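Colleague: The structure that follows is given in the form of structure tokens.
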Amino acid sequence: AVERLAREAGVDLPKADARSEERERKRSSLHEVMELAARFFEEALQSRAGAAARGYLMSRALSPELQRRFRIGYAPGERSALKSYLASKNVTNEQMIATGLVISGEDIPVTYDRFRDRVMFPIADFRGAIVGFGGRALSADVPAKYLNSPETELFHKGNLLYNGAEARKAARDAGTVVAVEGYVDVVRMVSAGFAHTVAPLGTALTERQLQILWRIADEPILCFDGDKAGLRAPGRAADLALPLIQP
């Protein structure tokens, strides 16, 4: 249909770019890998190994219905649980590395799962495709309570907002968008009727995220925690916003 209209209008269509097509095929395959990982984590949450994770979620008032809605899962504590599962689905080691699901390096002879013994929150792009994960540790003796996917072909943390795709739809009716601090905050807000809620991904708002908020709604609402860090965050957001404000 596009080719026919182009001929009628006398417009030359851009020629197919083999490199672009190959890059798009690669991205599509990586999206499929992320979807497989999300299903694995969801199933693990419902297994015997996921009992502690289910207990944590219930302690935060995240009901089974909310867990299913947000596709919350659990990464088992074993070193290669996800890696073995993905390998059984014919996912290559290169694809696992490219999606950031395993840790690799010159000084690491055998890759292993990045996320272990963590409650898993899938992170989708604005089209709704899963591009990364945020993992909340269940053990207190780990270096990072929250761990995000690394920067990859699919996942660019500063350009995304948790629940961004769904919140953008809901913001049309609400007339605004609410930004909170974390994943659990978003889920709780949505359960309370504020479907137009998003969160930055574990860090302070970036300039790009602020611009996305302004595209979603003219007057975004920042609703951060009441602790010292949360009280400082709006000031930092204001410092970021002022140079960007247009007449």
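In the structure tokens, the first chain shown is A, the next is B, and so on; residue numbers restart at 1 for each chain, and ligands run from 1 in the order shown.
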Apply DSSP to the structure's backbone, then extract all residues of segment 15-106 of chain A labelled strand (DSSP E) and return them as a PyMOL selection string.

Modeller: chain A and resi 73-75+102-105

Colleague: Give me the segment 16-70 of chain A side of the contact with segment 190-204 of chain A, cut-off 12 Å, one line per residue showing its nearest atom pair and distance in Å at one decimal, counting only C-alpha atoms, sorted by chain and residue number, as a tab-separated table.

Modeller:
```
residue	atom	partner	partner_atom	distance
A:Ala61	CA	A:Ser191	CA	9.7
A:Leu62	CA	A:Ser191	CA	8.7
A:Ser63	CA	A:Ser191	CA	9.4
A:Pro64	CA	A:Ser191	CA	11.9
A:Glu65	CA	A:Ser191	CA	9.9
A:Leu66	CA	A:Ser191	CA	7.5
A:Gln67	CA	A:Ser191	CA	10.9
A:Arg69	CA	A:Ser191	CA	10.2
A:Phe70	CA	A:Val190	CA	10.2
```

Colleague: With all heavy atoms retained, export the selected residues as a tab-separated table (two decimals), in the first residue's frame.

Modeller:
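See selection23.tsv below for the written result:
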```
chain	number	residue	atom	x	y	z
A	61	ALA	N	1.84	-5.39	50.64
A	61	ALA	CA	0.44	-5.27	50.18
A	61	ALA	C	0.33	-5.36	48.66
A	61	ALA	O	-0.53	-4.72	48.06
A	61	ALA	CB	-0.19	-3.98	50.69
A	62	LEU	N	1.20	-6.16	48.05
A	62	LEU	CA	1.12	-6.40	46.62
A	62	LEU	C	0.43	-7.76	46.42
A	62	LEU	O	1.06	-8.81	46.51
A	62	LEU	CB	2.51	-6.40	45.97
A	62	LEU	CG	3.35	-5.13	46.17
A	62	LEU	CD1	4.59	-5.18	45.30
A	62	LEU	CD2	2.55	-3.88	45.87
A	63	SER	N	-0.84	-7.72	46.16
A	63	SER	CA	-1.66	-8.92	46.06
A	63	SER	C	-1.26	-9.76	44.86
A	63	SER	O	-0.62	-9.27	43.92
A	63	SER	CB	-3.13	-8.53	45.94
A	63	SER	OG	-3.35	-7.87	44.70
A	64	PRO	N	-1.67	-11.05	44.84
A	64	PRO	CA	-1.40	-11.88	43.65
A	64	PRO	C	-1.93	-11.26	42.37
A	64	PRO	O	-1.30	-11.37	41.32
A	64	PRO	CB	-2.12	-13.20	43.99
A	64	PRO	CG	-2.09	-13.27	45.48
A	64	PRO	CD	-2.24	-11.85	45.95
A	65	GLU	N	-3.06	-10.58	42.44
A	65	GLU	CA	-3.62	-9.93	41.25
A	65	GLU	C	-2.68	-8.84	40.74
A	65	GLU	O	-2.42	-8.73	39.53
A	65	GLU	CB	-4.99	-9.32	41.57
A	65	GLU	CG	-5.62	-8.61	40.38
A	65	GLU	CD	-6.90	-7.88	40.72
A	65	GLU	OE1	-7.35	-7.97	41.88
A	65	GLU	OE2	-7.43	-7.20	39.84
A	66	LEU	N	-2.14	-8.02	41.67
A	66	LEU	CA	-1.18	-6.98	41.26
A	66	LEU	C	0.11	-7.60	40.74
A	66	LEU	O	0.71	-7.09	39.80
A	66	LEU	CB	-0.88	-6.06	42.44
A	66	LEU	CG	-1.95	-5.05	42.82
A	66	LEU	CD1	-1.60	-4.38	44.14
A	66	LEU	CD2	-2.12	-4.01	41.72
A	67	GLN	N	0.53	-8.70	41.35
A	67	GLN	CA	1.74	-9.37	40.89
A	67	GLN	C	1.58	-9.83	39.45
A	67	GLN	O	2.50	-9.68	38.63
A	67	GLN	CB	2.03	-10.57	41.79
A	67	GLN	CG	2.39	-10.21	43.22
A	67	GLN	CD	2.41	-11.42	44.14
A	67	GLN	OE1	2.72	-12.52	43.73
A	67	GLN	NE2	2.06	-11.21	45.41
A	69	ARG	N	-0.61	-8.55	37.26
A	69	ARG	CA	-0.79	-7.38	36.41
A	69	ARG	C	0.53	-6.77	36.00
A	69	ARG	O	0.72	-6.36	34.85
A	69	ARG	CB	-1.67	-6.35	37.13
A	69	ARG	CG	-1.88	-5.07	36.34
A	69	ARG	CD	-2.88	-4.16	37.04
A	69	ARG	NE	-3.05	-2.89	36.33
A	69	ARG	CZ	-3.89	-1.94	36.71
A	69	ARG	NH1	-4.66	-2.12	37.77
A	69	ARG	NH2	-3.98	-0.81	36.02
A	70	PHE	N	1.47	-6.69	36.94
A	70	PHE	CA	2.77	-6.08	36.66
A	70	PHE	C	3.84	-7.11	36.31
A	70	PHE	O	5.01	-6.76	36.18
A	70	PHE	CB	3.22	-5.23	37.85
A	70	PHE	CG	2.49	-3.91	37.95
A	70	PHE	CD1	1.29	-3.82	38.62
A	70	PHE	CD2	2.99	-2.79	37.34
A	70	PHE	CE1	0.60	-2.62	38.70
A	70	PHE	CE2	2.33	-1.58	37.40
A	70	PHE	CZ	1.13	-1.49	38.08
```

Colleague: Can you work out the spacing between atom CA of Phe41 of chain A and atom CA of Lys26 of chain A in Å, to one decimal?

Modeller: 22.9 Å

Colleague: Please identify every residue of segment 92-125 of chain A that has at least one atom no farther than 12 Å from an atom of segment 76-79 of chain A, counting only C-alpha atoms, and for each give the shortest atom pair and the distance in Å to one decimal, arranged by chain then increasing number, as JSON lines.

Modeller:
```
{"residue": "A:Leu101", "atom": "CA", "partner": "A:Arg79", "partner_atom": "CA", "distance": 11.9}
{"residue": "A:Val102", "atom": "CA", "partner": "A:Arg79", "partner_atom": "CA", "distance": 9.8}
{"residue": "A:Ile103", "atom": "CA", "partner": "A:Arg79", "partner_atom": "CA", "distance": 10.5}
{"residue": "A:Val110", "atom": "CA", "partner": "A:Arg79", "partner_atom": "CA", "distance": 10.7}
{"residue": "A:Thr111", "atom": "CA", "partner": "A:Arg79", "partner_atom": "CA", "distance": 9.3}
{"residue": "A:Tyr112", "atom": "CA", "partner": "A:Arg79", "partner_atom": "CA", "distance": 5.8}
{"residue": "A:Asp113", "atom": "CA", "partner": "A:Arg79", "partner_atom": "CA", "distance": 5.8}
{"residue": "A:Arg114", "atom": "CA", "partner": "A:Arg79", "partner_atom": "CA", "distance": 8.5}
{"residue": "A:Phe115", "atom": "CA", "partner": "A:Pro76", "partner_atom": "CA", "distance": 8.1}
{"residue": "A:Arg116", "atom": "CA", "partner": "A:Gly77", "partner_atom": "CA", "distance": 4.5}
{"residue": "A:Asp117", "atom": "CA", "partner": "A:Gly77", "partner_atom": "CA", "distance": 4.2}
{"residue": "A:Arg118", "atom": "CA", "partner": "A:Pro76", "partner_atom": "CA", "distance": 7.2}
{"residue": "A:Val119", "atom": "CA", "partner": "A:Pro76", "partner_atom": "CA", "distance": 9.1}
{"residue": "A:Met120", "atom": "CA", "partner": "A:Pro76", "partner_atom": "CA", "distance": 10.1}
```

Colleague: So, with only C-alpha atoms as the atoms that count, which of A:Glu22, A:Glu43, A:Asp125, A:Glu94 lies closest to Ala167 of chain A?

Modeller: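 For Ala167 of chain A, the nearest of the given residues is A:Asp125.
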
Colleague: Just checking: using only C-alpha atoms, which residue out of A:Ile123, A:Ile245, A:Ser139, A:Glu8 ends up closest to Ala52 of chain A?

Modeller: A:Ser139

Colleague: Please indicate the distance in Å from atom CA of Glu32 of chain A to atom CA of Gly164 of chain A, rounded to one decimal place.

Modeller: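 Computing it gives 20.1 Å between the two atoms.
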
Colleague: Return the single residue from A:Val180, A:Gln211, A:Gly73, A:Phe224 that is closest to Tyr56 of chain A, with distances computed using only C-alpha atoms.

Modeller: A:Gly73

Colleague: For Ala137 of chain A, which residue out of A:Gln95, A:Pro247, A:Ala53, A:Lys228 is the nearest one, using only C-alpha atoms?

Modeller: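 Looking at the shortest contact to Ala137 of chain A, the residue is A:Ala53.
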
Colleague: Between A:Cys223, A:Leu205, A:Ala51, A:Ala87, which has the minimum distance to Leu138 of chain A (counting only C-alpha atoms)?

Modeller: A:Ala51

Colleague: Pick from A:Ser104, A:Asn159, A:Asn93, A:Gln209: nearest to Leu30 of chain A, with only C-alpha atoms counted?

Modeller: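 The closest residue to Leu30 of chain A is A:Asn93.
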
Colleague: Using backbone DSSP assignments, extract all alpha helix (DSSP H) residues from segment 43-243 of chain A; output them as a count of residues only.

Modeller: 76
